[in-house]
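Engineer: Provided below: target-v9.txt, containing compact mmCIF, C-alpha atoms.
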```txt
# COMPACT_ATOMS: atom_id res chain seq x y z
CA MET A 1 87.87 -82.62 -44.03
CA ASP A 2 86.97 -86.03 -45.42
CA ALA A 3 84.67 -88.55 -43.75
CA LYS A 4 87.41 -90.57 -42.10
CA GLN A 5 89.06 -87.52 -40.56
CA ILE A 6 85.72 -86.21 -39.25
CA ILE A 7 85.03 -89.55 -37.56
CA ALA A 8 88.54 -89.91 -36.11
CA LYS A 9 88.60 -86.33 -34.79
CA ARG A 10 85.25 -86.76 -33.03
CA ILE A 11 86.22 -90.10 -31.45
CA ALA A 12 89.47 -88.62 -30.09
CA LYS A 13 87.32 -86.38 -27.87
CA GLU A 14 86.00 -89.49 -26.09
CA LEU A 15 89.45 -90.45 -24.81
CA LYS A 16 90.27 -89.36 -21.28
CA ASP A 17 93.57 -88.76 -19.53
CA GLY A 18 95.07 -92.06 -18.37
CA ASN A 19 92.84 -94.26 -20.56
CA LEU A 20 94.12 -97.58 -21.91
CA VAL A 21 92.87 -97.65 -25.50
CA ASN A 22 92.94 -100.16 -28.35
CA LEU A 23 92.52 -98.70 -31.83
CA GLY A 24 91.50 -101.11 -34.58
CA ILE A 25 92.59 -101.13 -38.19
CA GLY A 26 91.34 -98.49 -40.65
CA ILE A 27 89.57 -95.33 -39.44
CA PRO A 28 90.28 -96.14 -35.75
CA THR A 29 94.02 -95.91 -36.38
CA ILE A 30 93.60 -92.28 -37.49
CA VAL A 31 92.12 -91.40 -34.05
CA ALA A 32 95.69 -91.34 -32.67
CA ASN A 33 96.43 -88.24 -34.79
CA TYR A 34 93.73 -86.24 -33.00
CA ILE A 35 94.43 -87.00 -29.34
CA PRO A 36 95.00 -83.61 -27.63
CA SER A 37 98.52 -83.10 -26.29
CA ASP A 38 97.26 -82.52 -22.74
CA VAL A 39 95.53 -85.91 -22.65
CA GLU A 40 97.82 -88.85 -21.90
CA VAL A 41 96.42 -91.97 -23.49
CA PHE A 42 98.11 -95.37 -23.49
CA LEU A 43 97.66 -97.19 -26.79
CA GLN A 44 97.47 -100.95 -26.42
CA SER A 45 97.79 -103.29 -29.38
CA GLU A 46 96.74 -106.90 -29.18
CA ASN A 47 100.01 -108.08 -30.71
CA GLY A 48 101.66 -107.28 -27.40
CA ILE A 49 102.53 -103.64 -26.85
CA ILE A 50 101.50 -100.63 -24.81
CA GLY A 51 103.01 -97.39 -26.01
CA LEU A 52 102.81 -98.00 -29.73
CA GLY A 53 104.62 -95.16 -31.51
CA PRO A 54 104.59 -93.90 -35.12
CA LEU A 55 105.48 -96.15 -38.06
CA ALA A 56 109.18 -96.90 -38.44
CA ASP A 57 111.18 -95.43 -41.32
CA ASP A 58 114.52 -96.36 -42.90
CA THR A 59 116.42 -94.99 -39.92
CA ASN A 60 114.75 -96.91 -37.08
CA ILE A 61 113.28 -100.09 -38.54
CA ASP A 62 113.19 -103.12 -36.24
CA TYR A 63 111.96 -106.31 -37.93
CA ASN A 64 110.69 -107.58 -34.59
CA LEU A 65 108.42 -104.62 -33.92
CA THR A 66 105.15 -104.22 -35.77
CA ASN A 67 101.74 -102.68 -35.21
CA PRO A 68 98.64 -104.94 -35.38
CA SER A 69 98.43 -104.33 -39.14
CA GLY A 70 101.87 -105.91 -39.52
CA GLN A 71 103.61 -102.63 -40.39
CA TYR A 72 107.00 -101.89 -38.84
CA ALA A 73 106.44 -99.49 -36.00
CA THR A 74 108.13 -97.94 -32.97
CA VAL A 75 107.63 -97.96 -29.22
CA LEU A 76 107.36 -94.83 -27.08
CA GLU A 77 109.16 -94.09 -23.81
CA HIS A 78 107.74 -96.15 -20.93
CA GLY A 79 106.23 -98.59 -23.40
CA MET A 80 106.55 -102.33 -23.00
CA PHE A 81 106.05 -105.68 -24.72
CA PHE A 82 104.08 -108.69 -23.51
CA ASP A 83 102.80 -112.02 -24.78
CA THR A 84 99.37 -112.64 -26.31
CA SER A 85 97.92 -114.23 -23.18
CA LEU A 86 98.66 -111.15 -21.06
CA SER A 87 97.48 -108.93 -23.90
CA PHE A 88 94.07 -110.57 -23.91
CA MET A 89 93.91 -110.58 -20.12
CA MET A 90 94.01 -106.79 -20.44
CA ILE A 91 91.41 -106.83 -23.19
CA ARG A 92 89.00 -109.41 -21.84
CA GLY A 93 89.53 -108.82 -18.15
CA GLY A 94 88.05 -105.33 -18.00
CA HIS A 95 91.37 -103.45 -17.95
CA LEU A 96 90.86 -101.75 -21.29
CA ASP A 97 88.98 -98.45 -21.04
CA VAL A 98 88.10 -97.94 -24.70
CA THR A 99 88.18 -99.95 -27.90
CA VAL A 100 87.55 -98.30 -31.26
CA LEU A 101 86.59 -100.62 -34.11
CA GLY A 102 85.22 -100.48 -37.62
CA ALA A 103 82.17 -102.49 -38.62
CA LEU A 104 80.27 -103.82 -41.63
CA GLU A 105 77.00 -103.31 -39.77
CA VAL A 106 75.98 -102.06 -36.35
CA ASP A 107 72.42 -102.07 -35.06
CA GLN A 108 70.20 -100.09 -32.69
CA GLU A 109 70.78 -102.58 -29.87
CA GLY A 110 74.54 -102.20 -30.21
CA SER A 111 75.18 -105.52 -31.92
CA ILE A 112 78.15 -105.47 -34.26
CA ALA A 113 78.98 -107.44 -37.42
CA SER A 114 82.51 -107.13 -38.76
CA TRP A 115 84.23 -110.44 -39.43
CA ILE A 116 82.49 -112.34 -42.21
CA ILE A 117 80.30 -111.89 -45.27
CA PRO A 118 79.19 -115.49 -45.86
CA GLY A 119 80.13 -116.73 -49.31
CA LYS A 120 82.10 -113.58 -50.11
CA LEU A 121 84.65 -112.58 -47.54
CA VAL A 122 85.98 -114.53 -44.57
CA PRO A 123 88.83 -112.58 -43.00
CA GLY A 124 88.14 -113.93 -39.52
CA MET A 125 87.53 -112.23 -36.21
CA GLY A 126 91.12 -111.88 -34.98
CA GLY A 127 90.93 -110.06 -31.65
CA SER A 128 87.71 -108.16 -32.36
CA MET A 129 85.32 -110.45 -30.46
CA ASP A 130 87.43 -110.23 -27.30
CA LEU A 131 87.78 -106.45 -27.68
CA VAL A 132 84.03 -105.82 -27.86
CA THR A 133 83.42 -108.30 -25.04
CA GLY A 134 85.97 -106.94 -22.59
CA ALA A 135 86.41 -103.22 -23.17
CA LYS A 136 84.60 -100.86 -20.79
CA LYS A 137 83.54 -98.66 -23.71
CA VAL A 138 83.06 -99.85 -27.28
CA ILE A 139 83.09 -97.16 -29.96
CA ILE A 140 82.22 -98.04 -33.54
CA ALA A 141 83.92 -95.91 -36.20
CA THR A 142 82.24 -96.28 -39.56
CA THR A 143 81.00 -94.39 -42.56
CA HIS A 144 77.24 -93.95 -42.32
CA MET A 145 76.52 -95.60 -45.66
CA ASN A 146 78.00 -98.35 -47.80
CA LYS A 147 77.17 -96.95 -51.25
CA GLU A 148 73.37 -96.47 -51.02
CA GLU A 149 72.85 -98.74 -48.03
CA SER A 150 72.86 -97.61 -44.42
CA LYS A 151 75.33 -99.43 -42.18
CA ILE A 152 73.26 -98.48 -39.12
CA LYS A 153 70.64 -101.19 -38.95
CA GLU A 154 67.53 -102.04 -37.00
CA LYS A 155 69.05 -105.50 -36.70
CA CYS A 156 72.35 -106.81 -38.11
CA SER A 157 71.87 -109.25 -40.97
CA LEU A 158 75.48 -110.50 -41.02
CA PRO A 159 76.92 -112.94 -38.44
CA LEU A 160 77.73 -111.07 -35.23
CA THR A 161 81.06 -110.10 -33.72
CA GLY A 162 79.34 -109.03 -30.52
CA TYR A 163 75.78 -109.01 -29.23
CA LYS A 164 74.66 -105.69 -27.71
CA LYS A 165 78.22 -104.49 -27.19
CA ALA A 166 78.54 -101.07 -28.87
CA ASN A 167 78.11 -97.98 -26.67
CA LEU A 168 78.75 -95.21 -29.19
CA ILE A 169 78.58 -95.07 -32.99
CA VAL A 170 80.40 -92.28 -34.79
CA THR A 171 79.93 -91.64 -38.50
CA GLU A 172 80.76 -88.65 -40.70
CA LEU A 173 77.13 -87.52 -40.33
CA ALA A 174 76.22 -88.31 -36.75
CA VAL A 175 77.10 -89.45 -33.26
CA MET A 176 74.69 -92.03 -31.88
CA GLU A 177 74.52 -93.49 -28.41
CA VAL A 178 73.17 -96.93 -27.60
CA ARG A 179 70.94 -96.65 -24.52
CA SER A 180 68.79 -99.24 -22.81
CA ASP A 181 65.67 -97.83 -24.49
CA GLY A 182 67.12 -97.47 -27.97
CA LEU A 183 69.55 -95.70 -30.25
CA TYR A 184 69.80 -91.93 -29.74
CA LEU A 185 71.09 -89.33 -32.15
CA ILE A 186 73.13 -87.06 -29.88
CA GLU A 187 75.15 -85.03 -32.41
CA ARG A 188 74.84 -84.19 -36.08
CA HIS A 189 77.15 -82.77 -38.71
CA PRO A 190 76.37 -79.01 -38.88
CA ASP A 191 75.56 -79.24 -42.60
CA VAL A 192 73.24 -82.24 -42.29
CA SER A 193 69.67 -82.10 -41.00
CA ILE A 194 68.18 -84.52 -38.49
CA GLU A 195 65.68 -85.55 -41.19
CA GLU A 196 68.47 -86.46 -43.60
CA ILE A 197 70.25 -88.54 -40.97
CA ILE A 198 67.02 -90.36 -40.15
CA LYS A 199 66.54 -91.00 -43.88
CA LYS A 200 70.02 -92.48 -44.15
CA THR A 201 69.62 -94.67 -41.06
CA ASP A 202 67.88 -98.04 -41.15
CA ALA A 203 67.66 -98.14 -37.35
CA LYS A 204 64.89 -96.48 -35.37
CA LEU A 205 66.65 -93.31 -34.31
CA LYS A 206 65.44 -91.45 -31.23
CA TYR A 207 66.53 -87.99 -30.18
CA ASP A 208 65.87 -85.29 -27.66
CA GLN A 209 68.71 -82.80 -27.65
CA VAL A 210 70.96 -82.95 -30.71
CA ARG A 211 74.24 -81.03 -30.50
CA LEU A 212 76.43 -80.05 -33.43
CA MET A 213 79.53 -82.11 -34.24
CA GLU A 214 82.80 -80.22 -34.29
CA VAL A 215 84.16 -80.72 -37.81
CA MET B 216 123.24 -131.09 -22.54
CA ASN B 217 123.15 -130.11 -26.19
CA LYS B 218 119.89 -128.98 -27.74
CA TRP B 219 121.39 -127.73 -30.98
CA ILE B 220 120.21 -129.55 -34.08
CA ASP B 221 120.84 -128.94 -37.78
CA LYS B 222 118.48 -128.59 -40.69
CA LYS B 223 118.51 -132.33 -41.44
CA ALA B 224 117.65 -133.30 -37.87
CA PHE B 225 114.88 -130.71 -37.82
CA GLN B 226 113.40 -132.02 -41.04
CA LYS B 227 113.33 -135.52 -39.53
CA LEU B 228 110.91 -134.21 -36.90
CA ILE B 229 108.33 -133.38 -39.58
CA LYS B 230 105.83 -136.18 -40.15
CA GLU B 231 102.93 -136.62 -42.56
CA GLY B 232 99.62 -135.64 -40.95
CA GLN B 233 101.04 -134.11 -37.79
CA SER B 234 99.90 -130.92 -36.07
CA ILE B 235 102.36 -128.03 -35.91
CA MET B 236 101.93 -124.85 -33.88
CA VAL B 237 103.67 -121.84 -35.36
CA GLY B 238 104.43 -118.66 -33.44
CA GLY B 239 103.98 -115.19 -34.91
CA PHE B 240 101.46 -112.42 -35.56
CA LEU B 241 101.22 -111.58 -39.26
CA THR B 242 104.65 -113.28 -39.53
CA CYS B 243 106.35 -111.04 -36.94
CA GLY B 244 107.76 -113.64 -34.56
CA THR B 245 107.35 -116.52 -37.02
CA PRO B 246 110.46 -118.76 -37.34
CA GLU B 247 110.70 -118.13 -41.07
CA LEU B 248 113.74 -120.34 -41.67
CA LEU B 249 112.00 -123.35 -40.10
CA ILE B 250 109.02 -122.77 -42.40
CA ASP B 251 111.43 -122.87 -45.36
CA TYR B 252 112.85 -126.16 -44.08
CA ILE B 253 109.36 -127.66 -43.82
CA VAL B 254 108.55 -126.45 -47.36
CA GLU B 255 111.66 -128.30 -48.59
CA THR B 256 110.40 -131.60 -47.15
CA ASN B 257 107.13 -131.39 -49.12
CA ILE B 258 105.53 -133.36 -46.31
CA GLY B 259 101.78 -132.81 -46.36
CA ASN B 260 98.44 -133.30 -44.64
CA LEU B 261 99.59 -130.99 -41.88
CA THR B 262 97.35 -129.29 -39.37
CA ILE B 263 98.81 -125.83 -38.79
CA ILE B 264 97.91 -123.88 -35.68
CA CYS B 265 98.90 -120.24 -36.12
CA ASN B 266 97.29 -116.88 -35.37
CA ASP B 267 96.84 -116.10 -39.06
CA ALA B 268 97.54 -117.40 -42.57
CA GLY B 269 100.54 -115.09 -43.01
CA TYR B 270 101.04 -113.74 -46.51
CA PRO B 271 101.11 -115.72 -49.78
CA ASN B 272 104.93 -115.76 -49.73
CA LYS B 273 105.65 -115.33 -46.03
CA GLY B 274 105.06 -117.25 -42.82
CA VAL B 275 102.70 -120.23 -42.89
CA GLY B 276 101.42 -118.85 -46.20
CA LYS B 277 104.39 -120.65 -47.81
CA LEU B 278 103.15 -123.99 -46.48
CA ILE B 279 99.64 -123.23 -47.73
CA ALA B 280 100.99 -122.24 -51.16
CA ASN B 281 102.93 -125.52 -51.31
CA HIS B 282 99.71 -127.45 -50.54
CA GLN B 283 101.13 -129.00 -47.38
CA VAL B 284 98.30 -127.85 -45.14
CA LYS B 285 95.13 -129.88 -44.72
CA LYS B 286 93.71 -127.83 -41.88
CA LEU B 287 94.46 -124.37 -40.53
CA ILE B 288 93.38 -123.35 -37.04
CA ALA B 289 93.67 -119.56 -36.85
CA THR B 290 92.01 -116.33 -35.78
CA HIS B 291 92.35 -114.40 -39.04
CA ILE B 292 93.16 -115.27 -42.66
CA GLY B 293 92.46 -111.91 -44.32
CA THR B 294 96.06 -111.14 -45.28
CA ASN B 295 96.45 -114.26 -47.42
CA PRO B 296 94.00 -114.42 -50.34
CA ASP B 297 95.29 -117.92 -51.20
CA ALA B 298 93.94 -119.25 -47.91
CA GLY B 299 90.47 -117.84 -48.58
CA LYS B 300 90.52 -119.19 -52.14
CA LEU B 301 91.59 -122.71 -51.10
CA MET B 302 89.02 -122.64 -48.33
CA SER B 303 86.15 -121.80 -50.69
CA GLU B 304 87.39 -124.47 -53.14
CA GLY B 305 87.22 -126.97 -50.29
CA SER B 306 90.89 -127.98 -50.38
CA LEU B 307 91.80 -126.23 -47.13
CA GLU B 308 89.84 -126.70 -43.94
CA VAL B 309 89.87 -123.54 -41.80
CA GLU B 310 88.75 -123.26 -38.20
CA LEU B 311 88.49 -119.66 -36.97
CA ILE B 312 88.71 -118.93 -33.25
CA PRO B 313 88.68 -115.56 -31.44
CA GLN B 314 92.28 -114.60 -30.68
CA GLY B 315 91.88 -114.36 -26.92
CA THR B 316 90.21 -117.78 -26.80
CA PHE B 317 92.82 -119.32 -29.12
CA ILE B 318 95.74 -118.31 -26.88
CA GLU B 319 93.98 -119.45 -23.70
CA GLN B 320 93.16 -122.85 -25.19
CA ILE B 321 96.88 -123.27 -25.87
CA ARG B 322 97.84 -121.97 -22.42
CA ALA B 323 95.33 -124.36 -20.84
CA LYS B 324 96.91 -127.31 -22.64
CA GLY B 325 100.38 -126.22 -21.57
CA GLY B 326 99.23 -125.90 -17.98
CA GLY B 327 97.40 -129.20 -17.76
CA LEU B 328 93.89 -127.74 -17.79
CA GLY B 329 90.96 -129.18 -19.72
CA GLY B 330 89.97 -125.84 -21.13
CA ILE B 331 88.78 -122.38 -20.21
CA LEU B 332 85.47 -120.52 -19.83
CA THR B 333 85.06 -117.34 -21.85
CA PRO B 334 82.26 -114.85 -22.51
CA THR B 335 83.83 -114.04 -25.90
CA GLY B 336 81.63 -115.15 -28.80
CA LEU B 337 78.35 -115.51 -26.92
CA HIS B 338 75.36 -114.98 -29.24
CA THR B 339 77.65 -115.20 -32.30
CA PRO B 340 78.39 -118.13 -34.64
CA VAL B 341 81.31 -119.00 -32.35
CA GLU B 342 78.98 -120.51 -29.73
CA ILE B 343 77.39 -122.98 -32.16
CA GLY B 344 78.02 -126.55 -31.01
CA LYS B 345 79.81 -125.42 -27.85
CA GLN B 346 78.97 -126.32 -24.28
CA LYS B 347 77.92 -123.37 -22.12
CA ILE B 348 78.23 -122.99 -18.37
CA THR B 349 76.69 -120.40 -16.04
CA ILE B 350 78.75 -119.20 -13.10
CA ASP B 351 77.45 -116.60 -10.66
CA GLY B 352 74.66 -115.78 -13.09
CA LYS B 353 76.98 -115.16 -16.02
CA GLU B 354 77.13 -117.35 -19.09
CA TYR B 355 80.40 -118.66 -20.56
CA ILE B 356 81.45 -120.76 -23.55
CA VAL B 357 83.60 -123.80 -22.78
CA ALA B 358 86.73 -123.69 -24.94
CA GLU B 359 88.64 -126.95 -24.75
CA ALA B 360 92.41 -127.03 -24.43
CA PHE B 361 94.49 -127.92 -27.47
CA GLY B 362 98.15 -128.38 -28.25
CA ALA B 363 100.17 -129.87 -31.09
CA ASP B 364 102.66 -132.59 -31.94
CA LEU B 365 105.27 -129.97 -32.66
CA ALA B 366 105.68 -126.27 -31.90
CA ILE B 367 108.09 -124.07 -33.84
CA ILE B 368 108.78 -120.81 -32.08
CA ASN B 369 110.93 -117.74 -32.58
CA GLY B 370 113.22 -116.57 -29.79
CA TYR B 371 115.91 -113.91 -29.61
CA TYR B 372 118.67 -114.73 -27.14
CA SER B 373 119.18 -118.26 -25.88
CA ASP B 374 121.76 -119.90 -23.68
CA HIS B 375 122.91 -123.44 -24.43
CA LEU B 376 120.03 -124.87 -22.39
CA GLY B 377 117.35 -123.00 -24.33
CA ASN B 378 116.43 -120.31 -21.82
CA LEU B 379 114.82 -117.75 -24.10
CA THR B 380 114.23 -114.05 -24.41
CA TYR B 381 112.19 -112.45 -27.17
CA SER B 382 112.42 -109.20 -29.08
CA GLY B 383 109.71 -106.57 -29.46
CA THR B 384 106.28 -107.71 -30.57
CA ALA B 385 107.81 -110.94 -31.92
CA ARG B 386 107.07 -112.44 -28.52
CA ASN B 387 103.29 -112.76 -29.08
CA PHE B 388 102.15 -116.43 -29.18
CA ASN B 389 105.61 -117.97 -28.81
CA PRO B 390 105.90 -118.32 -25.01
CA MET B 391 102.51 -120.07 -24.69
CA MET B 392 103.04 -122.30 -27.71
CA ALA B 393 106.31 -123.46 -26.16
CA THR B 394 104.30 -125.00 -23.31
CA ALA B 395 101.75 -126.93 -25.33
CA ALA B 396 103.49 -129.28 -27.78
CA ASP B 397 105.12 -132.70 -27.52
CA LYS B 398 108.30 -131.32 -29.08
CA VAL B 399 109.34 -127.67 -29.18
CA VAL B 400 111.89 -126.23 -31.58
CA ALA B 401 113.15 -122.68 -31.05
CA LEU B 402 114.74 -120.69 -33.84
CA ILE B 403 116.93 -118.13 -32.13
CA HIS B 404 118.76 -114.97 -33.13
CA GLU B 405 121.90 -115.47 -31.05
CA GLU B 406 123.31 -117.87 -28.48
CA VAL B 407 124.77 -116.16 -25.44
CA GLU B 408 126.80 -117.53 -22.55
CA ASN B 409 124.34 -116.47 -19.90
CA ILE B 410 120.97 -114.78 -19.59
CA ASP B 411 120.17 -112.79 -16.48
CA PRO B 412 117.67 -114.99 -14.56
CA GLU B 413 115.42 -111.92 -14.25
CA HIS B 414 115.17 -111.67 -18.03
CA VAL B 415 114.35 -115.25 -19.03
CA ILE B 416 110.85 -115.34 -20.53
CA THR B 417 110.66 -119.01 -21.55
CA PRO B 418 112.43 -121.34 -19.11
CA HIS B 419 114.56 -123.95 -20.90
CA VAL B 420 112.37 -126.82 -19.67
CA PHE B 421 109.90 -125.96 -22.43
CA VAL B 422 112.48 -126.07 -25.23
CA ASP B 423 113.68 -129.35 -26.77
CA PHE B 424 115.73 -128.19 -29.75
CA ILE B 425 117.49 -125.02 -30.90
CA LEU B 426 118.52 -123.77 -34.32
CA GLY B 427 120.02 -120.42 -35.32
CA GLY B 428 118.83 -117.99 -37.97
CA ALA B 429 116.08 -115.84 -36.47
CA ILE B 430 115.91 -112.13 -37.30
```
Using structure tokens, write down the structure from this file.
Structural biologist:
Amino acid sequence: MDAKQIIAKRIAKELKDGNLVNLGIGIPTIVANYIPSDVEVFLQSENGIIGLGPLADDTNIDYNLTNPSGQYATVLEHGMFFDTSLSFMMIRGGHLDVTVLGALEVDQEGSIASWIIPGKLVPGMGGSMDLVTGAKKVIIATTHMNKEESKIKEKCSLPLTGYKKANLIVTELAVMEVRSDGLYLIERHPDVSIEEIIKKTDAKLKYDQVRLMEV
Amino acid sequence: MNKWIDKKAFQKLIKEGQSIMVGGFLTCGTPELLIDYIVETNIGNLTIICNDAGYPNKGVGKLIANHQVKKLIATHIGTNPDAGKLMSEGSLEVELIPQGTFIEQIRAKGGGLGGILTPTGLHTPVEIGKQKITIDGKEYIVAEAFGADLAIINGYYSDHLGNLTYSGTARNFNPMMATAADKVVALIHEEVENIDPEHVITPHVFVDFILGGAI
């Protein structure tokens, strides 16, 4: 199982029956593939849909129905459409149970950087700042390292998307929880030692009981 | 009352230096034909207010490629490399706003409010230069209302008065944008005799002109 699948599979376990969930672009999108069949989760997308279904194919394409990546998609039974204002009322107003987002950097206080690399890349924040501000639970889905550099920082160096907003960080090596007294390693990949994770993490990582990730 | 206009009459509404709000999320729900008509005019120095920069050959990306845009107010420009390139060259001014704030600023304008208070963007670059207000012990950023000289929106069904429905996720920013511009032009898919009053999303009072040709 590759890194992205490990991360997505682990995050799916965080979703509870009846949750309203927004999955961001990239690894978070894959989480949908791992939601257990006995857990009913409502997927919300900021472009105005609850009940986002699989991508459309040649037989069911509707040019007025896309996912938040702009790909033609489908809507499930009992799904519905709404405008952007209502969409962000859900997101910002505390009606969204979980948001899963990627990040360029995330730090031990839960601050997140994901929308700009000054001088290099300026995609913009889109809906991400509202998502991390309003969701009850913010889960960051990211690979542990970017080449040789840890993405889990003591303090983010890039401009922030959200200040102290992340609750849980899931990488292919570890699951880390942001608590009031610091960042805790709560699960590790069975083939990776605590020492190796600490070595690959720029943040100060605390731990008491470390369980094994299901991979 | 006849709100139907043709291409020529529409093009007469476009003026050098004006601000134009454009509906759509990654071009889904963008009145593509009206963009083509604006491209034909070659009228420039426009301020475009749209969720994103579209793609190089789709949506407002066509106006950017034709060098008609002086300033773009958006939430995300990552899907159009041209926009990023022109921005770093200094020939395109880009203002990035969180998506949930962007839509509420437009809604505020449409509803006669001076602005809105949002927690989104606190302790990020978004708060720089912004007024902040504390209510009940919680801090908020003041986001001032804004509208445009012209809004071009994308509807689905319309009656002859301009009562509108939308289709799928193409609804997105369109209903709010219809409330916040001096003149509003709706590109529609089909004119129908009557729309069930329960199904009207945008009441005709917000629509000044109608053209056909939407997907």
Engineer: Here is a test: counting all atoms listed in the file, which residue of B:Gly244, B:Gly370, B:Gly362, B:Gly305 is nearest to chain A?
Structural biologist: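 Residue with the minimum atom-to-atom distance to chain A: B:Gly244.
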Engineer: Counting all atoms listed in the file, collect the residues of chain A whose closest atom lies at most 9 Å from chain B, and write them out as an MDAnalysis selection string.
Structural biologist: chainID A and resid 46:49 62:70 75 80:85 87:89 91:92 119 121:134 159:163
Engineer: Step by step, gather every atom of segment 388-395 of chain B that the file lists, find the box along x, y and z that holds them, add 5 Å on each side, and finally give centre and edge lengths in Å to one decimal, as AutoDock Vina command-line options.
Structural biologist:
```
--center_x 104.0 --center_y -121.7 --center_z -26.2 --size_x 14.6 --size_y 20.5 --size_z 15.9
```
Engineer: Point out the residue among A:Glu109, A:Asp97, A:Glu195, A:Asp58 with the least atom-to-atom distance to Asp181 of chain A, counting all atoms listed in the file.
Structural biologist: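 When distances to Asp181 of chain A are compared using all atoms listed in the file, the smallest one comes from A:Glu109.
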Engineer: Neighbouring residues of segment 218-223 of chain B were defined as those with any atom within 10 Å, considering all atoms listed in the file; residues of the same chain fewer than 5 positions away were excluded. Please report them as a list in words.
Structural biologist: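 Counting all atoms listed in the file, the residues come to Leu228, Leu248, Leu249, Tyr252, Ile253, Thr256, His375, Leu376, Gly377, Val400, Ala401, Val422, Asp423, Phe424, Ile425, Leu426 and Gly427 of chain B.
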Engineer: Using all atoms listed in the file, collect all residues at a distance of at most 8 Å from (118.8, -116.6, -30.4) as written in the file, then present them as an NGL selection string.
Structural biologist: :B and (370-373 or 379-380 or 402-407 or 427-429)
Engineer: At a cut-off of 10 Å, using all atoms listed in the file, what residues contact Val106 of chain A? Leave out same-chain residues fewer than 5 positions from it and give the result as a VMD selection string.
Structural biologist: chain A and resid 111 to 114 140 142 150 to 158 160 to 166 169 203
Engineer: I'd like the interatomic distance between atom CA of Ala280 of chain B and atom CA of Asp397 of chain B, to a tenth of an Å.
Structural biologist: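 Pair atom CA of Ala280 of chain B / atom CA of Asp397 of chain B returns 26.2 Å.
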Engineer: Kindly give the distance, in Å, that separates atom CA of Lys324 of chain B and atom CA of Glu359 of chain B, rounded to a single decimal.
Structural biologist: 8.5 Å
Engineer: Just the number, please: distance in Å from atom CA of Gly325 of chain B to atom CA of Leu86 of chain A, one decimal.
Structural biologist: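 Value for the atom CA of Gly325 of chain B-atom CA of Leu86 of chain A distance: 15.2 Å.
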Engineer: I'd like the neighbourhood of Asn60 of chain A as a VMD selection string, where a residue qualifies if any of its atoms comes within 9 Å (using only C-alpha atoms), though same-chain residues fewer than 4 positions away should be ignored.
Structural biologist: chain A and resid 56 73 to 74
Engineer: Using only C-alpha atoms, which residues sit within 9 Å of Leu183 of chain A once same-chain residues fewer than 6 positions away are excluded, as a PyMOL selection string?
Structural biologist: chain A and resi 107-110+176-177+203-207
Engineer: Would you mind telling me which residue in B:Val357, B:Val284, B:Leu332, B:Ile279 lies nearest to Leu261 of chain B when using all atoms listed in the file?
Structural biologist: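 That would be B:Val284, the residue with the smallest distance to Leu261 of chain B.
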Engineer: Identify, on the basis of only C-alpha atoms, every residue whose closest approach to Gly26 of chain A does not exceed 12 Å; exclude the query and any residue fewer than 6 positions from it along the same chain; express the result as a list in words.
Structural biologist: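 Those residues are Lys4, Gln5, Ile7, Ala8, Ala32, Pro68, Ser69, Val100, Leu101, Gly102, Ala103, Ile140, Ala141, Thr142 and Thr143 of chain A.
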